[in-house]
Amino acid sequence: MAIRLEKGQRINLEKTNGSKLTNFCVGCNWGAITEKRFFGLVDKVVDVDLDLSCLLFDADGKVVDHIWSPLYNLSKANLPQGKLDSNDRALHHTGDDLTGDQNGDDGLDNEIITVDLSRVNNNVNSIVFFLNIYNNDEYQGDFSGIPYASIRMYEGTATKVREVFAQYDVATRTDCIGKRALVMGKLYRHNGEWKFAAIGDSFEDRSIVFTIARVARDYSK
Ligand SMILES: [Ca+2]
Ligand SMILES: [Ca+2]
């Protein structure tokens, strides 16, 4: 049974059979919006672009690495170019999905960061995952306007979900109404073992720049 994550919850990465979760996916599944137009006769699909990202910190809370979409050029904010791999290659992002599911829920995650904890560089002490709604002309709404959006940790691949370890629903949460960014949670080392803390804090951030700054400032330790 997958854990339904609640805000503030801390969990061990231990599976029901006692083994440790080491290779897994952190993924987000969401759908485009279908609007009825012309008295319900015509369906208009509104693309929704969510972006899954993460920041990696050392034990002092200093940012040592990042993953966000390479389509972001944030040089004006003095932020590095987006990239899909962590420097140690322990984490890999499957790529920026700009639309969401077009034909209803396909049960697969649209953006995934694969994690191999055994390869994470020794100087990385925590990894904070966050989600933004990309601000474009297509969709200017908040999480509650999206038909479904959930984040989960699971074992498997981008195209095959073997076992879901933990899940967090975004679109149905009342505290995500009016919000466009979510600090999902963090993996962190504690006494030599990796653990996960569900954060679940949502914000109105209209740009990922605000969320990156926020995560670097408030969630580094
Ligand atoms: Ca995206
Ligand atoms: Ca999907």
# chains A, B, ... in the order shown; residues from 1 in each chain; ligands from 1

$ residues_near_ligand --ligand "ligand 1" --cutoff "6 Å" --atoms "only C-alpha atoms and all ligand atoms" --output "list in words"
Asp49, Leu50, Asp51, Asp96, Asp97 and Leu98 of chain A

$ residues_around --residues "His190 in chain A" --least-positions-apart "2" --cutoff "12 Å" --atoms "only C-alpha atoms" --output "PyMOL selection string"
chain A and resi 10-13+59+124-126+187-188+192-197+221

$ residues_near_ligand --ligand "ligand 2" --cutoff "7 Å" --atoms "only C-alpha atoms and all ligand atoms" --output "ChimeraX atom specification"
/A:29-31,100-101,105-110

$ select_by_dssp --residues "range 1-208 of chain A" --states "strand (DSSP E or B)" --output "PyMOL selection string"
chain A and resi 3-4+10-12+14+20+23-31+33-37+42-46+50-57+63-68+83+85+91-93+101+111-116+126-133+149-156+161-169+181-190+193-203

$ select_by_dssp --residues "chain A" --states "helix (DSSP H, G or I)" --output "MDAnalysis selection string"
chainID A and resid 75:77 117:119 143:145 174:176 208:218

$ closest_residue --among "A:Asn78, A:Gln9, A:Asn121, A:Ser69" --to "Gly95 in chain A" --atoms "only C-alpha atoms"
A:Ser69

$ closest_residue --among "A:Ile112, A:Ile199, A:Ile33, A:Leu84" --to "Gly145 in chain A" --atoms "only C-alpha atoms"
A:Ile33

$ closest_residue --among "A:Arg180, A:Ile3, A:Phe203, A:Ser53" --to "Tyr139 in chain A" --atoms "only C-alpha atoms"
A:Arg180

$ residues_around --residues "Gly141 in chain A" --least-positions-apart "2" --cutoff "12 Å" --atoms "only C-alpha atoms" --output "ChimeraX atom specification"
/A:33,46-50,132-139,143-147,171,176-181,204-206

$ write_last_selection --atoms "C-alpha atoms" --output "PDB file, in the first residue's frame"
ATOM      1  CA  ILE A  33      -7.816  21.039 -19.187  1.00  0.00           C
ATOM      2  CA  VAL A  46      -5.895  24.002 -22.656  1.00  0.00           C
ATOM      3  CA  ASP A  47      -2.316  22.810 -22.197  1.00  0.00           C
ATOM      4  CA  VAL A  48      -0.894  22.926 -18.689  1.00  0.00           C
ATOM      5  CA  ASP A  49       2.868  23.103 -18.204  1.00  0.00           C
ATOM      6  CA  LEU A  50       4.007  21.931 -14.778  1.00  0.00           C
ATOM      7  CA  ASN A 132       5.798  25.060 -10.525  1.00  0.00           C
ATOM      8  CA  ILE A 133       3.107  25.974 -12.994  1.00  0.00           C
ATOM      9  CA  TYR A 134       4.948  27.580 -15.883  1.00  0.00           C
ATOM     10  CA  ASN A 135       3.493  31.018 -16.521  1.00  0.00           C
ATOM     11  CA  ASN A 136       2.445  31.164 -20.175  1.00  0.00           C
ATOM     12  CA  ASP A 137      -0.500  32.515 -22.146  1.00  0.00           C
ATOM     13  CA  GLU A 138      -2.108  29.109 -22.340  1.00  0.00           C
ATOM     14  CA  TYR A 139      -2.797  28.616 -18.638  1.00  0.00           C
ATOM     15  CA  PHE A 143      -3.357  24.035  -9.094  1.00  0.00           C
ATOM     16  CA  SER A 144      -7.075  23.700  -8.366  1.00  0.00           C
ATOM     17  CA  GLY A 145      -7.971  24.392 -12.019  1.00  0.00           C
ATOM     18  CA  ILE A 146      -6.057  21.330 -13.232  1.00  0.00           C
ATOM     19  CA  PRO A 147      -8.165  18.158 -13.562  1.00  0.00           C
ATOM     20  CA  ALA A 171      -5.028  19.353  -7.503  1.00  0.00           C
ATOM     21  CA  CYS A 176      -3.339  24.520  -3.090  1.00  0.00           C
ATOM     22  CA  ILE A 177      -6.222  26.738  -4.263  1.00  0.00           C
ATOM     23  CA  GLY A 178      -4.790  29.970  -5.652  1.00  0.00           C
ATOM     24  CA  LYS A 179      -1.275  28.500  -5.551  1.00  0.00           C
ATOM     25  CA  ARG A 180       1.155  27.932  -8.427  1.00  0.00           C
ATOM     26  CA  ALA A 181       4.180  26.464  -6.687  1.00  0.00           C
ATOM     27  CA  GLU A 204       1.549  31.898  -5.320  1.00  0.00           C
ATOM     28  CA  ASP A 205       4.923  32.216  -7.110  1.00  0.00           C
ATOM     29  CA  ARG A 206       4.375  33.369 -10.704  1.00  0.00           C
TER      30      ARG A 206
END

$ atom_distance --atom1 "CA of Val164 in chain A" --atom2 "CA of Asp142 in chain A"
26.1 Å

$ closest_residue --among "A:Val45, A:Leu55, A:Val209, A:Cys25" --to "Glu163 in chain A" --atoms "only C-alpha atoms"
A:Cys25

$ closest_residue --among "A:Asp43, A:Asp65, A:Asp169, A:Asp201" --to "Val120 in chain A" --atoms "only C-alpha atoms"
A:Asp65

$ residues_around --residues "Leu5 in chain A" --least-positions-apart "2" --cutoff "7 Å" --atoms "only C-alpha atoms" --output "list in words"
Ile3, Lys7, Gln9, Ala166, Gln167, Tyr168 and Ala198 of chain A

$ write_last_selection --atoms "N, CA and C atoms" --output "compact mmCIF listing (two decimals), in the first residue's frame"
# COMPACT_ATOMS: atom_id res chain seq x y z
N ILE A 3 1.99 5.00 0.70
CA ILE A 3 1.75 5.96 1.78
C ILE A 3 1.11 7.21 1.17
N LYS A 7 1.32 16.62 5.00
CA LYS A 7 2.23 17.71 5.29
C LYS A 7 3.04 17.44 6.57
N GLN A 9 5.04 15.12 7.36
CA GLN A 9 5.32 13.72 7.69
C GLN A 9 6.77 13.35 7.34
N ALA A 166 4.97 6.19 -2.17
CA ALA A 166 4.27 7.28 -1.48
C ALA A 166 3.67 8.23 -2.50
N GLN A 167 2.56 8.84 -2.16
CA GLN A 167 1.87 9.71 -3.10
C GLN A 167 1.31 10.95 -2.41
N TYR A 168 1.24 12.03 -3.19
CA TYR A 168 0.75 13.31 -2.66
C TYR A 168 -0.12 13.97 -3.73
N ALA A 198 7.98 14.94 3.94
CA ALA A 198 6.96 15.58 3.09
C ALA A 198 6.79 17.01 3.59

$ residues_around --residues "Cys54 in chain A" --least-positions-apart "2" --cutoff "10 Å" --atoms "only C-alpha atoms" --output "list in words"
Leu52, Leu56, Phe57, Asp65, His66, Ile67, Trp68, Ser86, Leu91, His93, Ile113, Ile127, Val128, Phe129, Phe130, Leu131, Val183, Met184, Gly185, Lys186, Ile212 and Val215 of chain A
